[in-house]
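What follows is final.cif (mmCIF, C-alpha atoms and all ligand atoms).
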```
data_target
#
loop_
_atom_site.group_PDB
_atom_site.id
_atom_site.type_symbol
_atom_site.label_atom_id
_atom_site.label_comp_id
_atom_site.auth_asym_id
_atom_site.auth_seq_id
_atom_site.Cartn_x
_atom_site.Cartn_y
_atom_site.Cartn_z
ATOM 1 C CA MET A 110 244.763 83.826 67.491
ATOM 2 C CA PRO A 111 242.142 82.090 69.624
ATOM 3 C CA GLU A 112 241.665 78.530 68.379
ATOM 4 C CA LEU A 113 238.950 75.993 69.129
ATOM 5 C CA PRO A 114 240.374 74.979 72.534
ATOM 6 C CA GLU A 115 240.524 78.616 73.678
ATOM 7 C CA VAL A 116 236.947 79.178 72.527
ATOM 8 C CA GLU A 117 235.811 76.021 74.325
ATOM 9 C CA VAL A 118 237.646 77.112 77.478
ATOM 10 C CA THR A 119 235.953 80.517 77.181
ATOM 11 C CA ARG A 120 232.581 78.798 76.791
ATOM 12 C CA ARG A 121 233.148 76.658 79.869
ATOM 13 C CA ALA A 122 234.220 79.715 81.857
ATOM 14 C CA LEU A 123 231.300 81.901 80.772
ATOM 15 C CA ALA A 124 228.462 79.352 80.786
ATOM 16 C CA PRO A 125 227.907 79.161 84.564
ATOM 17 C CA GLU A 126 228.025 82.960 84.768
ATOM 18 C CA VAL A 127 225.436 83.644 82.085
ATOM 19 C CA GLU A 128 223.151 80.654 81.433
ATOM 20 C CA GLY A 129 219.605 81.192 82.658
ATOM 21 C CA GLY A 130 220.132 84.950 83.028
ATOM 22 C CA VAL A 131 218.093 87.733 81.415
ATOM 23 C CA VAL A 132 219.622 90.435 79.218
ATOM 24 C CA ARG A 133 219.297 93.847 80.831
ATOM 25 C CA ALA A 134 221.391 95.849 78.383
ATOM 26 C CA LEU A 135 223.698 95.687 75.403
ATOM 27 C CA VAL A 136 226.040 98.594 74.823
ATOM 28 C CA VAL A 137 227.893 98.679 71.508
ATOM 29 C CA ARG A 138 230.661 101.295 71.456
ATOM 30 C CA GLU A 139 232.194 100.205 68.180
ATOM 31 C CA ARG A 140 230.001 98.642 65.518
ATOM 32 C CA ARG A 141 232.778 98.053 62.976
ATOM 33 C CA LEU A 142 233.943 94.514 63.683
ATOM 34 C CA ARG A 143 234.618 92.023 60.879
ATOM 35 C CA TRP A 144 230.982 92.594 59.922
ATOM 36 C CA PRO A 145 229.005 95.492 61.392
ATOM 37 C CA VAL A 146 227.184 94.668 64.624
ATOM 38 C CA PRO A 147 223.512 94.865 63.577
ATOM 39 C CA ARG A 148 221.662 98.014 64.509
ATOM 40 C CA GLY A 149 218.789 97.283 66.848
ATOM 41 C CA LEU A 150 220.605 94.333 68.443
ATOM 42 C CA ALA A 151 220.189 95.885 71.903
ATOM 43 C CA ARG A 152 216.438 96.084 71.371
ATOM 44 C CA THR A 153 216.313 92.504 70.047
ATOM 45 C CA LEU A 154 218.145 91.110 73.076
ATOM 46 C CA ALA A 155 216.573 93.200 75.865
ATOM 47 C CA GLY A 156 214.544 91.040 78.242
ATOM 48 C CA GLN A 157 215.493 87.741 76.557
ATOM 49 C CA ARG A 158 216.572 84.802 78.671
ATOM 50 C CA LEU A 159 219.798 83.043 77.710
ATOM 51 C CA LEU A 160 218.955 79.353 77.571
ATOM 52 C CA ARG A 161 222.397 77.947 76.799
ATOM 53 C CA LEU A 162 225.873 78.901 75.694
ATOM 54 C CA ASP A 163 226.982 76.511 72.936
ATOM 55 C CA ARG A 164 229.934 76.365 70.581
ATOM 56 C CA ARG A 165 230.243 75.387 66.940
ATOM 57 C CA GLY A 166 233.780 75.491 65.585
ATOM 58 C CA LYS A 167 235.169 78.799 66.807
ATOM 59 C CA TYR A 168 231.742 80.415 67.091
ATOM 60 C CA LEU A 169 230.100 80.887 70.467
ATOM 61 C CA LEU A 170 226.339 80.428 70.161
ATOM 62 C CA TRP A 171 224.333 82.330 72.739
ATOM 63 C CA ARG A 172 221.000 80.508 72.512
ATOM 64 C CA PHE A 173 218.038 82.717 73.394
ATOM 65 C CA GLU A 174 214.333 81.948 73.116
ATOM 66 C CA GLY A 175 213.941 84.007 69.944
ATOM 67 C CA GLY A 176 217.208 83.202 68.215
ATOM 68 C CA THR A 177 220.956 82.999 68.604
ATOM 69 C CA LEU A 178 223.632 85.581 69.170
ATOM 70 C CA ILE A 179 226.685 84.383 67.206
ATOM 71 C CA SER A 180 230.056 85.658 68.366
ATOM 72 C CA HIS A 181 233.578 85.054 67.089
ATOM 73 C CA LEU A 182 236.864 86.151 68.628
ATOM 74 C CA GLY A 183 238.600 86.776 65.302
ATOM 75 C CA MET A 184 242.347 87.361 65.659
ATOM 76 C CA SER A 185 242.525 89.071 69.016
ATOM 77 C CA GLY A 186 239.138 88.991 70.744
ATOM 78 C CA SER A 187 238.300 87.947 74.279
ATOM 79 C CA TRP A 188 235.292 87.917 76.575
ATOM 80 C CA ARG A 189 235.722 88.896 80.159
ATOM 81 C CA VAL A 190 233.201 88.567 82.979
ATOM 82 C CA HIS A 191 232.704 91.333 85.507
ATOM 83 C CA ARG A 192 230.560 90.678 88.544
ATOM 84 C CA GLY A 193 228.777 93.937 89.253
ATOM 85 C CA VAL A 194 229.981 97.265 87.886
ATOM 86 C CA PRO A 195 232.888 96.913 85.422
ATOM 87 C CA PRO A 196 235.807 99.342 85.234
ATOM 88 C CA ALA A 197 235.618 102.231 82.749
ATOM 89 C CA PRO A 198 235.902 100.814 79.213
ATOM 90 C CA GLY A 199 239.226 101.015 77.399
ATOM 91 C CA ARG A 200 239.758 101.835 73.747
ATOM 92 C CA HIS A 201 239.311 98.242 72.567
ATOM 93 C CA ASP A 202 236.341 97.344 74.800
ATOM 94 C CA HIS A 203 233.724 97.413 72.059
ATOM 95 C CA VAL A 204 230.716 95.679 73.605
ATOM 96 C CA ASP A 205 229.194 95.234 77.084
ATOM 97 C CA LEU A 206 226.429 92.667 77.506
ATOM 98 C CA THR A 207 224.705 92.928 80.876
ATOM 99 C CA ILE A 208 222.966 89.806 82.103
ATOM 100 C CA GLU A 209 220.979 89.635 85.309
ATOM 101 C CA GLN A 210 221.194 86.467 87.365
ATOM 102 C CA PRO A 211 219.552 85.636 90.699
ATOM 103 C CA GLN A 212 223.028 85.895 92.252
ATOM 104 C CA GLY A 213 223.668 89.348 90.745
ATOM 105 C CA VAL A 214 224.544 91.212 87.590
ATOM 106 C CA ARG A 215 227.187 89.947 85.154
ATOM 107 C CA VAL A 216 228.734 92.237 82.582
ATOM 108 C CA LEU A 217 230.332 90.412 79.637
ATOM 109 C CA ARG A 218 232.834 92.647 77.947
ATOM 110 C CA LEU A 219 234.113 91.965 74.436
ATOM 111 C CA THR A 220 237.609 93.327 73.869
ATOM 112 C CA ASP A 221 239.097 93.106 70.385
ATOM 113 C CA PRO A 222 242.040 95.333 69.391
ATOM 114 C CA ARG A 223 242.187 94.147 65.797
ATOM 115 C CA ARG A 224 238.394 94.045 65.290
ATOM 116 C CA PHE A 225 238.283 90.836 63.242
ATOM 117 C CA GLY A 226 235.754 89.405 65.679
ATOM 118 C CA ALA A 227 232.020 89.259 65.101
ATOM 119 C CA LEU A 228 228.725 89.713 66.894
ATOM 120 C CA LEU A 229 225.675 88.808 64.824
ATOM 121 C CA TRP A 230 222.056 87.822 65.374
ATOM 122 C CA ALA A 231 220.382 84.786 63.825
ATOM 123 C CA ALA A 232 216.627 84.753 64.378
ATOM 124 C CA GLY A 233 214.712 81.499 64.547
ATOM 125 C CA ASP A 234 215.058 77.941 65.797
ATOM 126 C CA ASP A 235 217.706 75.196 65.550
ATOM 127 C CA ALA A 236 216.906 74.394 61.931
ATOM 128 C CA ALA A 237 217.337 78.034 60.934
ATOM 129 C CA LEU A 238 220.624 78.150 62.808
ATOM 130 C CA ARG A 239 221.953 75.037 61.063
ATOM 131 C CA GLY A 240 221.226 76.699 57.733
ATOM 132 C CA ASN A 241 223.060 79.879 58.746
ATOM 133 C CA ALA A 242 225.652 80.785 56.137
ATOM 134 C CA LEU A 243 228.466 80.981 58.714
ATOM 135 C CA LEU A 244 227.768 77.545 60.165
ATOM 136 C CA ALA A 245 226.312 75.469 57.335
ATOM 137 C CA ARG A 246 229.619 74.480 55.742
ATOM 138 C CA LEU A 247 231.598 73.730 58.865
ATOM 139 C CA GLY A 248 233.037 70.236 59.173
ATOM 140 C CA VAL A 249 232.287 67.858 62.009
ATOM 141 C CA GLU A 250 233.305 68.747 65.584
ATOM 142 C CA PRO A 251 236.597 67.003 66.482
ATOM 143 C CA LEU A 252 235.346 65.996 69.924
ATOM 144 C CA ASP A 253 232.033 64.698 68.559
ATOM 145 C CA PRO A 254 231.863 60.866 68.476
ATOM 146 C CA ALA A 255 230.918 61.208 64.784
ATOM 147 C CA PHE A 256 234.497 62.226 64.050
ATOM 148 C CA ASP A 257 236.583 59.092 63.577
ATOM 149 C CA GLY A 258 239.046 57.475 61.189
ATOM 150 C CA GLU A 259 236.275 56.233 58.945
ATOM 151 C CA LEU A 260 234.896 59.744 58.436
ATOM 152 C CA LEU A 261 238.368 61.178 57.897
ATOM 153 C CA HIS A 262 239.180 58.432 55.391
ATOM 154 C CA CYS A 263 235.921 58.918 53.516
ATOM 155 C CA ARG A 264 236.160 62.723 53.329
ATOM 156 C CA THR A 265 239.782 62.766 52.181
ATOM 157 C CA ARG A 266 239.296 60.453 49.165
ATOM 158 C CA GLY A 267 240.174 62.200 45.928
ATOM 159 C CA ARG A 268 241.917 65.086 47.696
ATOM 160 C CA ARG A 269 245.324 65.867 46.256
ATOM 161 C CA THR A 270 246.200 68.609 48.745
ATOM 162 C CA SER A 271 248.489 67.743 51.615
ATOM 163 C CA ILE A 272 246.876 66.303 54.714
ATOM 164 C CA LYS A 273 248.026 69.373 56.660
ATOM 165 C CA GLN A 274 246.114 71.699 54.329
ATOM 166 C CA ALA A 275 243.093 69.396 54.273
ATOM 167 C CA LEU A 276 242.929 69.611 58.064
ATOM 168 C CA LEU A 277 243.273 73.405 58.083
ATOM 169 C CA ALA A 278 240.518 73.840 55.471
ATOM 170 C CA GLY A 279 237.874 73.165 58.141
ATOM 171 C CA ASP A 280 235.311 71.505 55.906
ATOM 172 C CA ILE A 281 236.218 67.976 57.039
ATOM 173 C CA VAL A 282 236.789 68.698 60.697
ATOM 174 C CA VAL A 283 236.656 72.099 62.425
ATOM 175 C CA GLY A 284 239.086 73.553 64.905
ATOM 176 C CA VAL A 285 242.358 71.990 63.794
ATOM 177 C CA GLY A 286 244.333 75.224 63.552
ATOM 178 C CA ASN A 287 247.954 75.564 62.536
ATOM 179 C CA ILE A 288 249.536 74.534 65.845
ATOM 180 C CA TYR A 289 247.182 71.616 66.346
ATOM 181 C CA ALA A 290 247.630 70.319 62.783
ATOM 182 C CA SER A 291 251.408 70.029 63.277
ATOM 183 C CA GLU A 292 250.955 68.458 66.700
ATOM 184 C CA SER A 293 248.342 65.921 65.555
ATOM 185 C CA LEU A 294 250.323 64.793 62.513
ATOM 186 C CA PHE A 295 253.390 64.437 64.724
ATOM 187 C CA GLU A 296 251.523 62.272 67.237
ATOM 188 C CA ALA A 297 250.136 60.136 64.410
ATOM 189 C CA GLY A 298 253.557 59.748 62.713
ATOM 190 C CA ILE A 299 252.310 61.168 59.405
ATOM 191 C CA ASP A 300 254.369 63.421 57.120
ATOM 192 C CA PRO A 301 252.361 66.669 56.770
ATOM 193 C CA ARG A 302 253.104 66.730 53.006
ATOM 194 C CA THR A 303 251.331 63.402 52.356
ATOM 195 C CA PRO A 304 248.496 63.835 49.831
ATOM 196 C CA ALA A 305 245.292 63.592 51.886
ATOM 197 C CA GLY A 306 243.678 61.148 49.473
ATOM 198 C CA ARG A 307 246.522 58.642 49.913
ATOM 199 C CA LEU A 308 246.159 58.079 53.659
ATOM 200 C CA SER A 309 245.166 54.524 54.506
ATOM 201 C CA ARG A 310 242.283 53.686 56.836
ATOM 202 C CA PRO A 311 244.523 52.736 59.785
ATOM 203 C CA ARG A 312 246.511 55.965 59.422
ATOM 204 C CA CYS A 313 243.271 57.986 59.274
ATOM 205 C CA ALA A 314 242.179 56.238 62.473
ATOM 206 C CA ARG A 315 245.484 57.126 64.161
ATOM 207 C CA LEU A 316 245.200 60.718 62.975
ATOM 208 C CA ALA A 317 241.601 61.144 64.156
ATOM 209 C CA ALA A 318 242.591 59.788 67.577
ATOM 210 C CA ALA A 319 245.611 62.121 67.682
ATOM 211 C CA ILE A 320 243.457 65.166 66.815
ATOM 212 C CA ARG A 321 240.999 64.355 69.597
ATOM 213 C CA ASP A 322 243.848 63.792 72.013
ATOM 214 C CA VAL A 323 245.754 66.995 71.145
ATOM 215 C CA LEU A 324 242.649 69.223 71.265
ATOM 216 C CA GLY A 325 241.461 67.533 74.441
ATOM 217 C CA ARG A 326 244.819 68.177 76.116
ATOM 218 C CA ALA A 327 244.763 71.824 74.998
ATOM 219 C CA ILE A 328 241.290 72.268 76.498
ATOM 220 C CA ASP A 329 242.439 70.611 79.718
ATOM 221 C CA ALA A 330 245.502 72.887 79.810
ATOM 222 C CA GLY A 331 243.197 75.895 79.413
ATOM 223 C CA GLY A 332 240.775 74.462 81.922
ATOM 224 C CA SER A 333 243.480 74.195 84.543
ATOM 225 C CA SER A 334 244.162 77.906 84.078
ATOM 226 C CA LEU A 335 240.462 78.743 83.804
ATOM 227 C CA ARG A 336 240.592 81.120 86.732
ATOM 228 C CA ASP A 337 243.185 83.267 84.988
ATOM 229 C CA PHE A 338 241.608 82.769 81.614
ATOM 230 C CA VAL A 339 238.386 84.609 82.356
ATOM 231 C CA GLY A 340 240.484 87.611 83.164
ATOM 232 C CA ALA A 341 243.044 86.989 80.438
ATOM 233 C CA ASP A 342 243.226 87.769 76.776
ATOM 234 C CA GLY A 343 242.412 84.412 75.240
ATOM 235 C CA ARG A 344 245.717 83.820 73.487
ATOM 236 C CA SER A 345 246.887 80.284 73.001
ATOM 237 C CA GLY A 346 250.095 80.762 74.981
ATOM 238 C CA TYR A 347 249.139 78.235 77.578
ATOM 239 C CA PHE A 348 249.281 75.424 75.039
ATOM 240 C CA ILE A 349 252.461 76.405 73.203
ATOM 241 C CA SER A 350 254.530 75.412 76.218
ATOM 242 C CA ALA A 351 253.035 71.907 76.022
ATOM 243 C CA ALA A 352 253.607 71.559 72.260
ATOM 244 C CA ARG A 353 255.799 68.588 71.321
ATOM 245 C CA VAL A 354 256.856 69.612 67.816
ATOM 246 C CA TYR A 355 255.555 73.138 67.129
ATOM 247 C CA GLU A 356 258.351 75.728 67.086
ATOM 248 C CA ARG A 357 260.931 73.076 67.984
ATOM 249 C CA ASN A 358 262.832 73.282 64.672
ATOM 250 C CA GLY A 359 266.421 72.116 64.940
ATOM 251 C CA LEU A 360 265.753 70.323 68.213
ATOM 252 C CA GLY A 361 265.751 66.572 68.749
ATOM 253 C CA CYS A 362 262.489 64.739 68.105
ATOM 254 C CA LEU A 363 260.664 63.870 71.333
ATOM 255 C CA ARG A 364 259.047 60.865 69.687
ATOM 256 C CA CYS A 365 261.775 58.836 67.968
ATOM 257 C CA LYS A 366 264.761 60.544 69.694
ATOM 258 C CA LYS A 367 266.637 60.219 66.377
ATOM 259 C CA GLY A 368 265.495 62.934 63.963
ATOM 260 C CA LEU A 369 265.718 66.702 64.169
ATOM 261 C CA VAL A 370 262.511 68.712 63.915
ATOM 262 C CA ARG A 371 262.213 70.597 60.632
ATOM 263 C CA ARG A 372 260.252 73.709 59.755
ATOM 264 C CA ILE A 373 258.681 74.020 56.315
ATOM 265 C CA VAL A 374 256.052 76.384 54.897
ATOM 266 C CA GLN A 375 252.837 75.013 53.416
ATOM 267 C CA ALA A 376 250.368 77.425 51.827
ATOM 268 C CA GLY A 377 252.022 80.273 53.679
ATOM 269 C CA ARG A 378 251.811 78.637 57.112
ATOM 270 C CA ALA A 379 254.661 77.147 59.111
ATOM 271 C CA THR A 380 254.633 73.402 59.622
ATOM 272 C CA TYR A 381 256.907 71.530 62.040
ATOM 273 C CA PHE A 382 257.623 67.822 61.712
ATOM 274 C CA CYS A 383 260.210 65.098 62.209
ATOM 275 C CA PRO A 384 261.446 63.732 58.848
ATOM 276 C CA SER A 385 262.695 60.585 60.512
ATOM 277 C CA CYS A 386 259.498 59.285 62.155
ATOM 278 C CA GLN A 387 256.696 61.032 60.246
ATOM 279 C CA ARG A 388 256.182 58.989 57.093
ATOM 280 C CA ARG A 389 254.458 59.582 53.797
HETATM 281 ZN ZN ZN A 401 260.952 61.652 65.180
#
```

Represent the structure of the file as C-alpha cells.
Amino acid sequence: MPELPEVEVTRRALAPEVEGGVVRALVVRERRLRWPVPRGLARTLAGQRLLRLDRRGKYLLWRFEGGTLISHLGMSGSWRVHRGVPPAPGRHDHVDLTIEQPQGVRVLRLTDPRRFGALLWAAGDDAALRGNALLARLGVEPLDPAFDGELLHCRTRGRRTSIKQALLAGDIVVGVGNIYASESLFEAGIDPRTPAGRLSRPRCARLAAAIRDVLGRAIDAGGSSLRDFVGADGRSGYFISAARVYERNGLGCLRCKKGLVRRIVQAGRATYFCPSCQRR
C-alpha cells in the first residue's frame, strides 16, 4: 500500500511535469473508485491551469485556480507520466489527465487494480480546502517543523491505547503507516505496547525525531529511485530492504546486538520490536 513517503516521492516526480500546465482533457474510463469520480469533472477541469501540486497526508492536492483536485492512491494506485501519446490503456488504467505544457503534452495515467483510490473535486479557496471533510481531521505533517516532541507529548496525554496504535490513528501525526511505526519506535527505543499517555517528554522528543528521520530516509530512498518510480507501481518495496526491524522476527537486533526481534499483532496489524532494548 502506498504510504506517505511513496506519495511524496510521486509528488516530487510529477510536479515538474505538470505544474504550470493547462488541462486539455480528462478521460474517465472507470468511475467506480472508492467514491465515484464526479460526473462533469472533465468539464470542470478543462482549460484550468495547474498552479501547484501539493500533498496533505496521503492525498495529492492538484491546486487549480478554481479549486483542488484531490487524489488518493488507495491500496494499489499509481500515477504514471507519459510524454506525448500514451500506450493503449489496460484494464486497470481508469483515468487519463492530459496537461499541456510549453515543452509538450503530458498524459497522467491513474492505474488502480483494486479501485480503493479516489479522484474528487473540491471547489473554492484554501480555507474551503482546509474545511474539506477528508482533510479537516488529519494530524500534523511529520516533516512540518510544527511536529515535535512537545506536540506529541501534549496530544498523547490521557490516551490509554498503545503508542503504536496512537501513531497509526493519524489524528496526531499523519503518514506513520504500519512499517514506519515499527521502525520509528525501534529507533527511539520504545516498546510499541507502551500506553501512549505514559510516554515522558524526553521519550516523545526522541520518538518525534525518529519519525522524521525514518520518513525522511524513506523519501530519500524513493527519491534515489525516482527515475524508475515514475514508471513503477508505487509500492513501498524500495524501503522494506532498508528496514531495520520490520519483518526481521527471530533475527538479532541491529541496535543492541543482544535481543531477538519479535513479531506481535496489535489491533490486527503486525508489529516488530526488540524486547531487550525497546522499553516501556
Ligand atoms: Zn535490541

Handout entry: Polymer residues at most 12 Å from stretch 129-135 of chain A, all atoms listed in the file, same-chain spacing of 6 or more positions, as JSON, numbers by chain
Key = {"A": [123, 146, 147, 148, 149, 150, 151, 152, 153, 154, 155, 156, 157, 158, 159, 160, 161, 162, 171, 172, 173, 174, 178, 203, 204, 205, 206, 207, 208, 209, 210, 211, 212, 213, 214, 215, 216, 217, 218, 219, 228]}

Practice task
Would you write out, as a VMD selection string, every residue that the PyMOL selection byres (((chain A and resi 284) around 9) and not hetatm) captures in this file?
Solution key: chain A and resid 112 to 114 166 to 167 248 250 to 251 276 to 277 279 282 to 283 285 to 286 289 324

Next, the residues of the selection above should be written as a short mmCIF file (atom, residue, chain, number, x, y, z; two decimals), keeping the file's coordinate frame with C-alpha atoms.
```
data_model
loop_
_atom_site.label_atom_id
_atom_site.label_comp_id
_atom_site.auth_asym_id
_atom_site.auth_seq_id
_atom_site.Cartn_x
_atom_site.Cartn_y
_atom_site.Cartn_z
CA GLU A 112 241.66 78.53 68.38
CA LEU A 113 238.95 75.99 69.13
CA PRO A 114 240.37 74.98 72.53
CA GLY A 166 233.78 75.49 65.58
CA LYS A 167 235.17 78.80 66.81
CA GLY A 248 233.04 70.24 59.17
CA GLU A 250 233.30 68.75 65.58
CA PRO A 251 236.60 67.00 66.48
CA LEU A 276 242.93 69.61 58.06
CA LEU A 277 243.27 73.40 58.08
CA GLY A 279 237.87 73.17 58.14
CA VAL A 282 236.79 68.70 60.70
CA VAL A 283 236.66 72.10 62.42
CA VAL A 285 242.36 71.99 63.79
CA GLY A 286 244.33 75.22 63.55
CA TYR A 289 247.18 71.62 66.35
CA LEU A 324 242.65 69.22 71.26
#
```

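For ligand ZN 401 (chain A), the neighbouring protein, DNA and RNA residues, which are those within 10 Å when only C-alpha atoms and all ligand atoms are counted, are A:Phe295, A:Glu296, A:Gly298, A:Val354, A:Gly361, A:Cys362, A:Leu363, A:Arg364, A:Cys365, A:Lys366, A:Lys367, A:Gly368, A:Leu369, A:Val370, A:Phe382, A:Cys383, A:Pro384, A:Ser385, A:Cys386, A:Gln387, A:Arg388.
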
Keeping only C-alpha atoms, take the residues you just selected and write them out as a tab-separated table (two decimals), keeping the file's coordinate frame.
```tsv
chain	number	residue	atom	x	y	z
A	295	PHE	CA	253.39	64.44	64.72
A	296	GLU	CA	251.52	62.27	67.24
A	298	GLY	CA	253.56	59.75	62.71
A	354	VAL	CA	256.86	69.61	67.82
A	361	GLY	CA	265.75	66.57	68.75
A	362	CYS	CA	262.49	64.74	68.10
A	363	LEU	CA	260.66	63.87	71.33
A	364	ARG	CA	259.05	60.86	69.69
A	365	CYS	CA	261.77	58.84	67.97
A	366	LYS	CA	264.76	60.54	69.69
A	367	LYS	CA	266.64	60.22	66.38
A	368	GLY	CA	265.50	62.93	63.96
A	369	LEU	CA	265.72	66.70	64.17
A	370	VAL	CA	262.51	68.71	63.92
A	382	PHE	CA	257.62	67.82	61.71
A	383	CYS	CA	260.21	65.10	62.21
A	384	PRO	CA	261.45	63.73	58.85
A	385	SER	CA	262.70	60.58	60.51
A	386	CYS	CA	259.50	59.28	62.16
A	387	GLN	CA	256.70	61.03	60.25
A	388	ARG	CA	256.18	58.99	57.09
```

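Applied to this file, the PyMOL selection byres (((chain A and resi 268) around 12) and not hetatm) selects A:Leu261, A:His262, A:Cys263, A:Arg264, A:Thr265, A:Arg266, A:Gly267, A:Arg269, A:Thr270, A:Ser271, A:Ile272, A:Lys273, A:Gln274, A:Ala275, A:Leu276, A:Ala278, A:Ile281, A:Thr303, A:Pro304, A:Ala305, A:Gly306, A:Arg307, A:Leu308.
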
Completion exercise
In Å and to one decimal, atom CA of A:Gly199 is distant from atom CA of A:Leu170 by 25.3 Å

Handout entry: Residues returned when the PyMOL selection byres (((chain A and resi 231-243) around 7) and not hetatm) runs on this file, as a PyMOL selection string
Key = chain A and resi 175-178+229-230+244-245

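If all atoms listed in the file are the atoms counted, then among A:Ser180, A:Gly186, A:Arg165, A:Pro198 the closest residue to A:Val136 is A:Pro198.
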
Please complete stretch 295-317 of chain A with N, CA and C atoms and give it back as a CSV table (one decimal), in the coordinates of the input.
```
chain,number,residue,atom,x,y,z
A,295,PHE,N,252.2,64.9,64.0
A,295,PHE,CA,253.4,64.4,64.7
A,295,PHE,C,253.0,63.2,65.6
A,296,GLU,N,251.9,63.4,66.4
A,296,GLU,CA,251.5,62.3,67.2
A,296,GLU,C,251.2,61.0,66.4
A,297,ALA,N,250.6,61.3,65.2
A,297,ALA,CA,250.1,60.1,64.4
A,297,ALA,C,251.3,59.6,63.5
A,298,GLY,N,252.4,60.2,63.5
A,298,GLY,CA,253.6,59.7,62.7
A,298,GLY,C,253.3,59.9,61.2
A,299,ILE,N,252.6,61.0,60.8
A,299,ILE,CA,252.3,61.2,59.4
A,299,ILE,C,253.0,62.4,58.9
A,300,ASP,N,253.7,62.3,57.8
A,300,ASP,CA,254.4,63.4,57.1
A,300,ASP,C,253.3,64.4,56.7
A,301,PRO,N,253.4,65.7,57.1
A,301,PRO,CA,252.4,66.7,56.8
A,301,PRO,C,252.2,66.9,55.3
A,302,ARG,N,253.2,66.5,54.5
A,302,ARG,CA,253.1,66.7,53.0
A,302,ARG,C,252.4,65.6,52.3
A,303,THR,N,252.0,64.5,53.0
A,303,THR,CA,251.3,63.4,52.4
A,303,THR,C,250.0,63.9,51.7
A,304,PRO,N,249.8,63.5,50.4
A,304,PRO,CA,248.5,63.8,49.8
A,304,PRO,C,247.4,63.2,50.7
A,305,ALA,N,246.4,64.0,51.0
A,305,ALA,CA,245.3,63.6,51.9
A,305,ALA,C,244.6,62.3,51.4
A,306,GLY,N,244.4,62.3,50.1
A,306,GLY,CA,243.7,61.1,49.5
A,306,GLY,C,244.4,59.8,49.5
A,307,ARG,N,245.7,59.9,49.9
A,307,ARG,CA,246.5,58.6,49.9
A,307,ARG,C,246.6,58.0,51.3
A,308,LEU,N,246.1,58.6,52.3
A,308,LEU,CA,246.2,58.1,53.7
A,308,LEU,C,245.3,56.8,53.8
A,309,SER,N,245.9,55.8,54.3
A,309,SER,CA,245.2,54.5,54.5
A,309,SER,C,244.2,54.7,55.7
A,310,ARG,N,243.3,53.7,55.7
A,310,ARG,CA,242.3,53.7,56.8
A,310,ARG,C,243.0,53.7,58.2
A,311,PRO,N,243.9,52.8,58.4
A,311,PRO,CA,244.5,52.7,59.8
A,311,PRO,C,245.2,54.1,60.1
A,312,ARG,N,245.8,54.7,59.1
A,312,ARG,CA,246.5,56.0,59.4
A,312,ARG,C,245.5,57.1,59.7
A,313,CYS,N,244.4,57.0,59.0
A,313,CYS,CA,243.3,58.0,59.3
A,313,CYS,C,242.8,57.8,60.7
A,314,ALA,N,242.7,56.5,61.1
A,314,ALA,CA,242.2,56.2,62.5
A,314,ALA,C,243.2,56.8,63.5
A,315,ARG,N,244.5,56.6,63.2
A,315,ARG,CA,245.5,57.1,64.2
A,315,ARG,C,245.4,58.6,64.2
A,316,LEU,N,245.2,59.3,63.0
A,316,LEU,CA,245.2,60.7,63.0
A,316,LEU,C,244.0,61.3,63.7
A,317,ALA,N,242.8,60.7,63.5
A,317,ALA,CA,241.6,61.1,64.2
A,317,ALA,C,241.8,61.1,65.7
```
